Amino acid sequence: MKVVIFCGGLGMRMREAGEEIPKPMVPIGYRPILWHLTKYYAYYGHKDFILCLGYRADAIKRYFLNYEETISNDFVLSGINGDRRGRCVELMNTDISDWRITFADTGVNSNIGQRLRAAERYLDGEETFLANYADGLTDLHLPSLLEYFERCGRIANLVSPRPNLSYHAVSVNGDGLVDGITAANTNLRVNGGYFLFHREIFDYMRDGEELVEEPFQRLIAARQLLAYPYDGFFASMDTLKDKQHLEDLYAGGKAPWEIWRGNGRARITIAARPRRTIARPRAS
């Protein structure tokens with residue numbers, strides 16, 4: 001299954017990490033967050049990626065064109081004391097040798113909806129595909145999500161985790177005095193940016209529209225948008241504080257999203273039910 005990743009945003013709140021670094025290339029450990037995300041999908045066998053590029057597309061292209069396998073893989077180096085040209089590097093394993101990556105220029109100032117529409121040409125033959133914002137990491141058990149989506153028979157699905165809230169809700173009266181302070185609403189769920197789409201999603205999209213605003217509203221009206229609640233690990237990287245949190249998890253060897261290293265956990269096993277076929281109306 002192909003994976004569309006939206007890599008073109010300016011990432012204004014992450015500019016302190018480097019004025020010239022596009023947000024998907026901000027590093028977590030040795031590799032950019034984009035690598036961690038693609039590695040997650042590849043672990044589950046989804047290795048055909050469409051990168052929707054925009055701001056600093058050149059940096060992303062160069063990274064993969066000059067990809068250095070030895071950075072994150074064990075290897076044997078021989079001929080150390082001889083001429084450099086005689087040295088031999090034998091990799092014990094590889095990261096991306098069997099990946100297929102499409103680099104699609106979708107515009108510097110395009111919104112997510114425009115980027116997805118620009119990627120449509122590369123989705124020929126794909127009845128279902130995955131999509132992602134490129135700035136969130138999770139230990140979600142992806143096969144459970146795919147089974148849920150297939151069984152429910154709708155057009156679109158978003159993963160809905162709980163936000164990491166550390167705020168207090170304040171109630172204020174008309175005189176500006178505080179009536180009460182309570183913990184922030186923990187029942188809130190958010191759009192985690194992990195999507196599953198049937199190809200019919202493009203019937204609900206129009207030129208220039210933002211994905212979540214107009215197309216998703218049409219899907220909601222047609223009862224075609226699912227939310228998959230998830231209470232396991234999920235973290236987005238919107239600020240330098242978020243980056244530091246992910247760095248700390250990585251440095252401590254406890255990065256839950258690194259399921260390829262045996263980290264994380266599989267959550268929410270959906271009980272099998274008879275599969276239903278649901279008629280999907282065309283967008284008006």
# chains A, B, ... in the order shown; residues from 1 in each chain; ligands from 1

call {"tool": "select_by_dssp", "arguments": {"residues": "range 42-223 of chain A", "states": "helix (DSSP H, G or I)", "output": "number ranges by chain"}}
result
A: 42-43, 57-65, 69-71, 84-86, 112-123, 142-152, 199-204, 214-221

call {"tool": "select_by_dssp", "arguments": {"residues": "range 5-187 of chain A", "states": "strand (DSSP E)", "output": "PyMOL selection string"}}
result
chain A and resi 5-7+27-28+31-32+48-53+75-78+88-91+100-105+128-132+136-138+156-161+168-172+178-183

call {"tool": "write_last_selection", "arguments": {"atoms": "C-alpha atoms", "output": "PDB file, in the first residue's frame"}}
result
ATOM      1  CA  ILE A   5       3.570  11.983   3.293  1.00  0.00           C
ATOM      2  CA  PHE A   6       3.029  15.747   3.384  1.00  0.00           C
ATOM      3  CA  CYS A   7       6.565  17.193   3.580  1.00  0.00           C
ATOM      4  CA  PRO A  27      16.705  15.235  13.497  1.00  0.00           C
ATOM      5  CA  ILE A  28      15.727  12.860  16.263  1.00  0.00           C
ATOM      6  CA  ARG A  31      18.008  10.521  11.573  1.00  0.00           C
ATOM      7  CA  PRO A  32      15.335  13.131  10.665  1.00  0.00           C
ATOM      8  CA  ASP A  48       6.226   2.698  -1.474  1.00  0.00           C
ATOM      9  CA  PHE A  49       6.302   6.368  -0.459  1.00  0.00           C
ATOM     10  CA  ILE A  50       5.102   9.545  -2.164  1.00  0.00           C
ATOM     11  CA  LEU A  51       6.741  12.591  -0.591  1.00  0.00           C
ATOM     12  CA  CYS A  52       4.724  15.762  -1.239  1.00  0.00           C
ATOM     13  CA  LEU A  53       7.493  18.358  -1.276  1.00  0.00           C
ATOM     14  CA  PHE A  75      28.770  -2.924   9.462  1.00  0.00           C
ATOM     15  CA  VAL A  76      32.242  -4.435   9.140  1.00  0.00           C
ATOM     16  CA  LEU A  77      35.104  -2.233   7.922  1.00  0.00           C
ATOM     17  CA  SER A  78      38.198  -3.969   6.536  1.00  0.00           C
ATOM     18  CA  CYS A  88      35.712  -2.446   2.273  1.00  0.00           C
ATOM     19  CA  VAL A  89      32.419  -1.812   4.082  1.00  0.00           C
ATOM     20  CA  GLU A  90      30.165  -4.823   4.617  1.00  0.00           C
ATOM     21  CA  LEU A  91      26.696  -3.914   5.895  1.00  0.00           C
ATOM     22  CA  ARG A 100      10.502   3.079  -3.524  1.00  0.00           C
ATOM     23  CA  ILE A 101      10.254   6.841  -3.048  1.00  0.00           C
ATOM     24  CA  THR A 102       8.456   9.287  -5.354  1.00  0.00           C
ATOM     25  CA  PHE A 103       9.576  12.890  -4.891  1.00  0.00           C
ATOM     26  CA  ALA A 104       6.638  15.075  -5.956  1.00  0.00           C
ATOM     27  CA  ASP A 105       6.945  18.872  -6.094  1.00  0.00           C
ATOM     28  CA  THR A 128      -6.688   2.403  -0.711  1.00  0.00           C
ATOM     29  CA  PHE A 129      -3.691   4.371   0.507  1.00  0.00           C
ATOM     30  CA  LEU A 130      -2.134   5.740   3.690  1.00  0.00           C
ATOM     31  CA  ALA A 131      -1.279   9.393   4.344  1.00  0.00           C
ATOM     32  CA  ASN A 132       0.512  11.334   7.060  1.00  0.00           C
ATOM     33  CA  GLY A 136       3.953  12.802  14.516  1.00  0.00           C
ATOM     34  CA  LEU A 137       5.247   9.476  15.847  1.00  0.00           C
ATOM     35  CA  THR A 138       3.322   6.581  17.375  1.00  0.00           C
ATOM     36  CA  ALA A 156     -11.712   8.043   5.083  1.00  0.00           C
ATOM     37  CA  ASN A 157     -10.252   7.373   8.507  1.00  0.00           C
ATOM     38  CA  LEU A 158      -8.143   9.448  10.873  1.00  0.00           C
ATOM     39  CA  VAL A 159      -6.354   8.231  13.995  1.00  0.00           C
ATOM     40  CA  SER A 160      -7.596  10.122  17.032  1.00  0.00           C
ATOM     41  CA  PRO A 161      -5.279  10.125  20.071  1.00  0.00           C
ATOM     42  CA  HIS A 168      -5.744  23.679  34.047  1.00  0.00           C
ATOM     43  CA  ALA A 169      -9.136  24.912  32.875  1.00  0.00           C
ATOM     44  CA  VAL A 170     -10.047  28.241  34.494  1.00  0.00           C
ATOM     45  CA  SER A 171     -13.621  29.429  34.982  1.00  0.00           C
ATOM     46  CA  VAL A 172     -13.946  33.235  35.210  1.00  0.00           C
ATOM     47  CA  VAL A 178     -11.835  33.027  39.116  1.00  0.00           C
ATOM     48  CA  ASP A 179     -14.769  30.768  39.976  1.00  0.00           C
ATOM     49  CA  GLY A 180     -12.783  27.569  39.804  1.00  0.00           C
ATOM     50  CA  ILE A 181      -9.790  25.716  38.474  1.00  0.00           C
ATOM     51  CA  THR A 182      -9.961  22.126  37.269  1.00  0.00           C
ATOM     52  CA  ALA A 183      -7.799  19.776  35.246  1.00  0.00           C
TER      53      ALA A 183
END

call {"tool": "residues_around", "arguments": {"residues": "Glu247 in chain A", "least_positions_apart": "6", "cutoff": "12 Å", "atoms": "only C-alpha atoms", "output": "number ranges by chain"}}
result
A: 26-33, 235, 237, 240-241, 253-256

call {"tool": "residues_around", "arguments": {"residues": "Leu188 in chain A", "least_positions_apart": "3", "cutoff": "12 Å", "atoms": "only C-alpha atoms", "output": "PyMOL selection string"}}
result
chain A and resi 160-165+184-185+191+229-231

call {"tool": "closest_residue", "arguments": {"among": "A:Leu196, A:Ala118, A:Ala134, A:Tyr204", "to": "Ala221 in chain A", "atoms": "only C-alpha atoms"}}
result
A:Tyr204

call {"tool": "residues_around", "arguments": {"residues": "His46 in chain A", "least_positions_apart": "2", "cutoff": "9 Å", "atoms": "only C-alpha atoms", "output": "list in words"}}
result
Met1, Lys2, Val3, Thr38, Tyr40, Tyr41, Ala42, Tyr43, Tyr44, Asp48, Phe49 and Trp99 of chain A

call {"tool": "closest_residue", "arguments": {"among": "A:Gly192, A:Ile259, A:Ile155, A:Leu142", "to": "Arg223 in chain A", "atoms": "only C-alpha atoms"}}
result
A:Ile155

call {"tool": "closest_residue", "arguments": {"among": "A:Leu37, A:Ile112, A:Ala251, A:Leu226", "to": "Gly9 in chain A", "atoms": "only C-alpha atoms"}}
result
A:Ile112

call {"tool": "closest_residue", "arguments": {"among": "A:Leu10, A:Asp74, A:Asp238, A:Arg87", "to": "Ser110 in chain A", "atoms": "only C-alpha atoms"}}
result
A:Leu10

call {"tool": "atom_distance", "arguments": {"atom1": "CA of Gly232 in chain A", "atom2": "CA of Trp257 in chain A"}}
result
10.3 Å
